[in-house]
file protein-v2.cif (mmCIF, C-alpha atoms)
data_structure
loop_
_atom_site.label_atom_id
_atom_site.label_comp_id
_atom_site.auth_asym_id
_atom_site.auth_seq_id
_atom_site.Cartn_x
_atom_site.Cartn_y
_atom_site.Cartn_z
CA VAL X 1 29.34 -10.96 11.58
CA LEU X 2 29.35 -7.42 12.94
CA GLY X 3 32.48 -8.21 14.95
CA ALA X 4 34.38 -9.31 11.85
CA ALA X 5 32.91 -7.33 8.94
CA ARG X 6 34.69 -4.28 7.55
CA PRO X 7 32.36 -1.30 6.98
CA ASP X 8 31.87 -0.32 3.32
CA LYS X 9 33.97 -3.33 2.22
CA ASP X 10 32.25 -6.55 3.27
CA SER X 11 28.72 -7.64 2.34
CA VAL X 12 26.15 -9.98 3.83
CA CYS X 13 23.75 -12.09 1.77
CA LEU X 14 20.78 -13.45 3.71
CA LYS X 15 18.72 -16.27 2.19
CA LEU X 16 15.30 -15.49 3.60
CA HIS X 17 12.35 -17.88 3.70
CA SER X 18 9.41 -16.70 5.80
CA PRO X 19 5.61 -16.33 5.50
CA GLY X 20 5.59 -14.04 8.57
CA GLY X 21 4.56 -14.48 12.18
CA THR X 22 4.26 -12.50 15.40
CA VAL X 23 4.66 -8.73 15.40
CA THR X 24 7.15 -8.76 18.27
CA GLY X 25 9.27 -11.56 16.81
CA TYR X 26 9.58 -10.10 13.32
CA GLY X 27 9.96 -6.57 14.62
CA LEU X 28 13.00 -7.78 16.56
CA ALA X 29 14.35 -9.71 13.56
CA ALA X 30 14.08 -6.62 11.34
CA ALA X 31 15.79 -4.50 14.02
CA GLN X 32 18.66 -6.99 14.18
CA LEU X 33 19.15 -6.77 10.41
CA GLU X 34 19.07 -2.98 10.63
CA ARG X 35 22.21 -3.21 12.77
CA LEU X 36 24.07 -4.28 9.62
CA ARG X 37 22.85 -1.20 7.77
CA LYS X 38 23.87 1.07 10.67
CA ALA X 39 27.33 -0.54 10.67
CA LYS X 40 27.60 0.20 6.91
CA VAL X 41 27.76 -3.49 6.02
CA ASP X 42 25.97 -3.97 2.72
CA LEU X 43 23.00 -6.35 3.06
CA THR X 44 21.38 -8.30 0.25
CA VAL X 45 18.31 -10.43 0.93
CA CYS X 46 17.61 -13.31 -1.46
CA VAL X 47 14.11 -14.80 -1.57
CA ASP X 48 13.72 -18.09 -3.41
CA GLU X 49 10.23 -19.01 -2.17
CA VAL X 50 8.52 -16.58 0.20
CA ALA X 51 9.04 -13.30 2.06
CA ALA X 52 5.58 -12.24 3.13
CA SER X 53 4.25 -10.04 5.91
CA GLY X 54 6.85 -10.16 8.72
CA GLY X 55 9.17 -11.85 6.25
CA TYR X 56 8.93 -8.84 3.96
CA MET X 57 9.41 -6.55 6.96
CA MET X 58 12.80 -8.21 7.38
CA ALA X 59 13.61 -8.13 3.66
CA ALA X 60 12.80 -4.42 3.34
CA VAL X 61 15.75 -3.54 5.60
CA ALA X 62 18.21 -4.79 2.96
CA ASN X 63 20.19 -2.56 0.62
CA LYS X 64 18.98 -4.87 -2.13
CA ILE X 65 16.22 -7.49 -2.40
CA ILE X 66 16.57 -10.29 -4.95
CA SER X 67 13.68 -12.62 -5.69
CA ALA X 68 13.12 -15.75 -7.73
CA PRO X 69 10.45 -15.25 -10.43
CA PHE X 70 7.71 -17.21 -8.67
CA ALA X 71 8.55 -16.40 -5.05
CA THR X 72 5.70 -14.94 -2.96
CA ILE X 73 6.37 -11.33 -1.98
CA GLY X 74 4.42 -8.72 0.01
CA SER X 75 1.49 -9.14 2.41
CA ILE X 76 2.09 -5.78 4.10
CA GLY X 77 -0.75 -6.12 6.57
CA VAL X 78 -1.69 -7.22 10.10
CA VAL X 79 -4.21 -9.85 11.24
CA VAL X 80 -5.59 -11.43 14.41
CA GLU X 81 -7.34 -14.79 14.12
CA MET X 82 -8.80 -16.79 16.99
CA PRO X 83 -11.88 -18.92 17.74
CA ASN X 84 -14.53 -17.50 20.04
CA TYR X 85 -16.19 -19.98 22.43
CA HIS X 86 -18.59 -17.56 24.16
CA LYS X 87 -21.78 -19.08 22.72
CA LEU X 88 -20.58 -22.62 23.41
CA LEU X 89 -19.82 -21.76 27.04
CA GLU X 90 -23.20 -20.06 27.32
CA THR X 91 -24.92 -23.17 25.99
CA LEU X 92 -23.06 -25.29 28.54
CA GLY X 93 -24.01 -22.93 31.33
CA VAL X 94 -20.41 -21.88 31.96
CA ASN X 95 -19.62 -18.32 33.01
CA PHE X 96 -16.12 -17.08 32.17
CA ILE X 97 -15.20 -14.32 34.60
CA VAL X 98 -12.54 -11.72 33.77
CA SER X 99 -11.49 -9.11 36.34
CA THR X 100 -9.30 -6.26 35.12
CA ALA X 101 -7.92 -2.93 36.27
CA GLY X 102 -7.86 -0.65 33.26
CA GLU X 103 -10.61 -0.46 30.65
CA SER X 104 -8.36 -1.58 27.80
CA LYS X 105 -6.65 -4.46 29.63
CA ARG X 106 -8.75 -6.94 27.63
CA THR X 107 -10.31 -6.49 24.21
CA VAL X 108 -11.44 -9.49 22.16
CA THR X 109 -10.75 -12.86 23.81
CA PRO X 110 -11.66 -16.46 22.91
CA TRP X 111 -13.92 -16.78 25.96
CA THR X 112 -15.99 -13.64 26.30
CA GLU X 113 -18.66 -11.99 24.18
CA VAL X 114 -17.30 -9.87 21.34
CA THR X 115 -18.85 -6.45 21.85
CA VAL X 116 -18.76 -3.56 19.39
CA GLU X 117 -16.53 -1.60 21.79
CA LYS X 118 -14.01 -4.43 22.24
CA GLU X 119 -13.85 -5.11 18.51
CA ALA X 120 -13.31 -1.41 17.82
CA LYS X 121 -10.41 -1.27 20.29
CA LEU X 122 -8.78 -4.32 18.69
CA LYS X 123 -9.28 -2.85 15.23
CA LYS X 124 -7.64 0.39 16.39
CA LYS X 125 -4.65 -1.58 17.66
CA LEU X 126 -4.33 -3.38 14.33
CA GLU X 127 -4.50 -0.10 12.42
CA GLU X 128 -1.79 1.41 14.62
CA ILE X 129 0.51 -1.55 13.99
CA HIS X 130 -0.24 -1.40 10.25
CA VAL X 131 0.79 2.27 10.20
CA MET X 132 4.05 1.36 11.97
CA PHE X 133 4.59 -1.45 9.43
CA LYS X 134 4.05 0.94 6.50
CA ASN X 135 6.35 3.56 8.04
CA HIS X 136 9.04 0.88 8.42
CA ILE X 137 8.71 -0.08 4.74
CA ALA X 138 8.72 3.56 3.63
CA LYS X 139 11.90 4.22 5.63
CA PHE X 140 13.90 1.64 3.70
CA ARG X 141 12.06 1.65 0.36
CA PRO X 142 10.84 5.25 -0.11
CA ASP X 143 10.03 4.78 -3.80
CA LEU X 144 7.26 2.26 -3.10
CA ASP X 145 3.66 3.28 -3.68
CA LEU X 146 2.22 2.11 -0.36
CA SER X 147 -1.34 2.80 -1.47
CA VAL X 148 -0.85 -0.05 -3.96
CA VAL X 149 1.39 -2.52 -2.11
CA ALA X 150 0.37 -2.09 1.57
CA THR X 151 -3.01 -3.76 1.14
CA GLY X 152 -2.06 -7.18 2.54
CA ASP X 153 -1.88 -8.66 -0.98
CA THR X 154 1.03 -10.75 -2.32
CA TRP X 155 2.66 -10.97 -5.74
CA PRO X 156 5.05 -13.33 -7.54
CA GLY X 157 8.63 -12.13 -7.73
CA SER X 158 8.42 -10.90 -11.34
CA THR X 159 5.39 -8.71 -10.57
CA ALA X 160 6.93 -7.62 -7.27
CA HIS X 161 9.90 -6.35 -9.29
CA GLU X 162 7.57 -4.23 -11.43
CA LEU X 163 6.04 -2.80 -8.24
CA ASN X 164 9.52 -2.04 -6.81
CA LEU X 165 9.05 -4.47 -3.92
CA VAL X 166 12.24 -6.22 -5.05
CA ASP X 167 15.27 -4.96 -7.00
CA GLU X 168 16.26 -7.91 -9.17
CA VAL X 169 14.74 -11.21 -10.32
CA MET X 170 17.08 -14.19 -9.95
CA THR X 171 17.65 -17.13 -7.61
CA SER X 172 20.00 -16.99 -4.63
CA GLU X 173 22.34 -19.47 -6.37
CA GLU X 174 22.60 -17.19 -9.40
CA PHE X 175 23.44 -14.25 -7.18
CA LEU X 176 26.06 -16.10 -5.13
CA LEU X 177 27.73 -17.65 -8.16
CA SER X 178 28.04 -14.19 -9.68
CA LYS X 179 30.16 -13.18 -6.67
CA VAL X 180 32.48 -16.20 -6.42
CA GLU X 181 35.11 -14.95 -8.87
CA THR X 182 35.38 -11.47 -7.33
CA HIS X 183 34.72 -12.12 -3.63
CA ASP X 184 35.66 -14.50 -0.85
CA VAL X 185 32.35 -16.18 -0.03
CA TYR X 186 31.72 -17.69 3.42
CA THR X 187 28.67 -19.61 4.61
CA ILE X 188 27.37 -19.08 8.14
CA GLU X 189 24.67 -21.41 9.42
CA VAL X 190 22.90 -21.37 12.78
CA PRO X 191 21.41 -24.77 13.72
CA SER X 192 17.72 -24.70 14.62
CA HIS X 193 16.48 -26.42 17.77
CA HIS X 194 12.86 -27.47 17.51
CA HIS X 195 10.93 -27.65 20.75
CA LYS X 196 10.10 -31.28 21.42
CA SER X 197 6.81 -30.56 23.14
CA ARG X 198 5.10 -27.71 21.34
CA ILE X 199 1.65 -28.84 22.40
CA GLY X 200 2.65 -29.09 26.06
CA ALA X 201 4.28 -25.67 25.92
CA ALA X 202 1.18 -24.16 24.30
CA VAL X 203 -1.12 -25.65 26.95
CA SER X 204 1.13 -24.35 29.72
CA GLU X 205 1.07 -20.86 28.20
CA LEU X 206 -2.69 -21.00 27.88
CA ILE X 207 -3.10 -21.86 31.55
CA ASP X 208 -0.74 -19.10 32.69
CA VAL X 209 -2.20 -16.12 30.85
CA VAL X 210 -4.93 -17.33 28.55
CA ALA X 211 -6.41 -14.25 26.95
CA GLU X 212 -3.25 -12.14 26.78
CA LYS X 213 -1.25 -14.93 25.18
CA MET X 214 -4.01 -15.66 22.67
CA ILE X 215 -3.99 -12.04 21.53
CA GLN X 216 -0.19 -11.85 21.27
CA ALA X 217 0.19 -15.22 19.59
CA ASN X 218 -2.45 -14.41 16.97
CA LEU X 219 -1.46 -10.82 16.28
CA ARG X 220 0.50 -11.52 13.15
CA MET X 221 2.13 -9.81 10.23
#
call {"tool": "encode", "arguments": {"input": "protein-v2.cif", "output": "C-alpha cells"}}
result
Amino acid sequence: VLGAARPDKDSVCLKLHSPGGTVTGYGLAAAQLERLRKAKVDLTVCVDEVAASGGYMMAAVANKIISAPFATIGSIGVVVEMPNYHKLLETLGVNFIVSTAGESKRTVTPWTEVTVEKEAKLKKKLEEIHVMFKNHIAKFRPDLDLSVVATGDTWPGSTAHELNLVDEVMTSEEFLLSKVETHDVYTIEVPSHHHKSRIGAAVSELIDVVAEKMIQANLRM
C-alpha cells in the first residue's frame, strides 16, 4: 500500500476486529499502521464488533475511528494471568529450582512461590506498560480524558462516541458505500495461515524457556 499510495490523495480503510493480545505483537501492529500516518496516507479504522485493549491501541493510530453502535471499544489496560503451581509441587514433594544472574531476571512464575517482592516488581512492570499505552493513546487522540477511559473498562460504540473514543457511529459497509460514488475502492486481503499444531508448539515453547515465555505470553493488552 505504501509503495502505491499517493500522499494526501489516497486513503486506507482498515476493518479491524480484535479483542487484544500480547504487548509486543500489538505494539508492532500499531507501529506498522503509524507508517501510513507518517507517509500522509489518510487512515480510517472501522470497527463492527470489537477493538479492545491492543485492538484499540491499533485503532487509535487512525485519522478517524468509525464504530458500529454495539461494537466493544476500549479496555485501555494491561493484565498478566497465569496459574501458580507452587503449592501443588510442594504437596508432591517437588522442588523447582531457578538459577538466575540479575535480581530481576525472574519475577512471578507459574512454578515458584509468589513473594511480595516479586509481585511488586511485576506490578511495577505492568504500570510502566500502562503508562506507555496511555501515552500512545494521548499522542493520537489528545482530546480524550484518560482519567475516565484508561481504566481497562469497555463501552459500546454509541457510548464510546460520547467519550470521544471513536469519531462516528456507523458500520463499515455504510462507510464504504458512502465512498463508492466518489472514490475508486479496492479490496486488499491477506490470507491467514493457522498453525496446525498449536498445542505442540506451545509445549515446545514451554520446554525451551518456561517461565520467560509464560510471562511474555500472558502479558496482554
call {"tool": "closest_atom_pairs", "arguments": {"input": "protein-v2.cif", "of": "stretch 165-198 of chain X", "to": "stretch 43-58 of chain X", "cutoff": "10 Å", "atoms": "only C-alpha atoms", "output": "Markdown table"}}
result
| residue | atom | partner | partner_atom | distance |
| --- | --- | --- | --- | --- |
| X:Leu165 | CA | X:Tyr56 | CA | 9.0 |
| X:Val166 | CA | X:Val47 | CA | 9.4 |
| X:Glu168 | CA | X:Cys46 | CA | 9.5 |
| X:Val169 | CA | X:Val47 | CA | 9.5 |
| X:Met170 | CA | X:Asp48 | CA | 8.3 |
| X:Thr171 | CA | X:Asp48 | CA | 5.8 |
| X:Ser172 | CA | X:Cys46 | CA | 5.4 |
| X:Glu173 | CA | X:Cys46 | CA | 9.2 |
| X:Phe175 | CA | X:Cys46 | CA | 8.2 |
| X:Leu176 | CA | X:Cys46 | CA | 9.6 |
call {"tool": "write_last_selection", "arguments": {"input": "protein-v2.cif", "atoms": "C-alpha atoms", "output": "PDB file, keeping the file's coordinate frame"}}
result
ATOM      1  CA  LEU X 165       9.050  -4.470  -3.920  1.00  0.00           C
ATOM      2  CA  VAL X 166      12.240  -6.220  -5.050  1.00  0.00           C
ATOM      3  CA  GLU X 168      16.260  -7.910  -9.170  1.00  0.00           C
ATOM      4  CA  VAL X 169      14.740 -11.210 -10.320  1.00  0.00           C
ATOM      5  CA  MET X 170      17.080 -14.190  -9.950  1.00  0.00           C
ATOM      6  CA  THR X 171      17.650 -17.130  -7.610  1.00  0.00           C
ATOM      7  CA  SER X 172      20.000 -16.990  -4.630  1.00  0.00           C
ATOM      8  CA  GLU X 173      22.340 -19.470  -6.370  1.00  0.00           C
ATOM      9  CA  PHE X 175      23.440 -14.250  -7.180  1.00  0.00           C
ATOM     10  CA  LEU X 176      26.060 -16.100  -5.130  1.00  0.00           C
TER      11      LEU X 176
END
call {"tool": "resolve_selection", "arguments": {"input": "protein-v2.cif", "expression": "the PyMOL selection byres ((chain X and resi 152) around 9)", "output": "PyMOL selection string"}}
result
chain X and resi 53+74-78+149-151+153-154
call {"tool": "closest_residue", "arguments": {"input": "protein-v2.cif", "among": "X:Pro142, X:Pro69, X:Gly102, X:Gly93", "to": "X:Trp155", "atoms": "all atoms listed in the file"}}
result
X:Pro69
call {"tool": "atom_distance", "arguments": {"input": "protein-v2.cif", "atom1": "atom CA of X:Val12", "atom2": "atom CA of X:Thr72"}}
result
22.1 Å
call {"tool": "atom_distance", "arguments": {"input": "protein-v2.cif", "atom1": "atom CA of X:Glu189", "atom2": "atom CA of X:Ala31"}}
result
19.6 Å
call {"tool": "atom_distance", "arguments": {"input": "protein-v2.cif", "atom1": "atom CA of X:Glu81", "atom2": "atom CA of X:Glu119"}}
result
12.5 Å
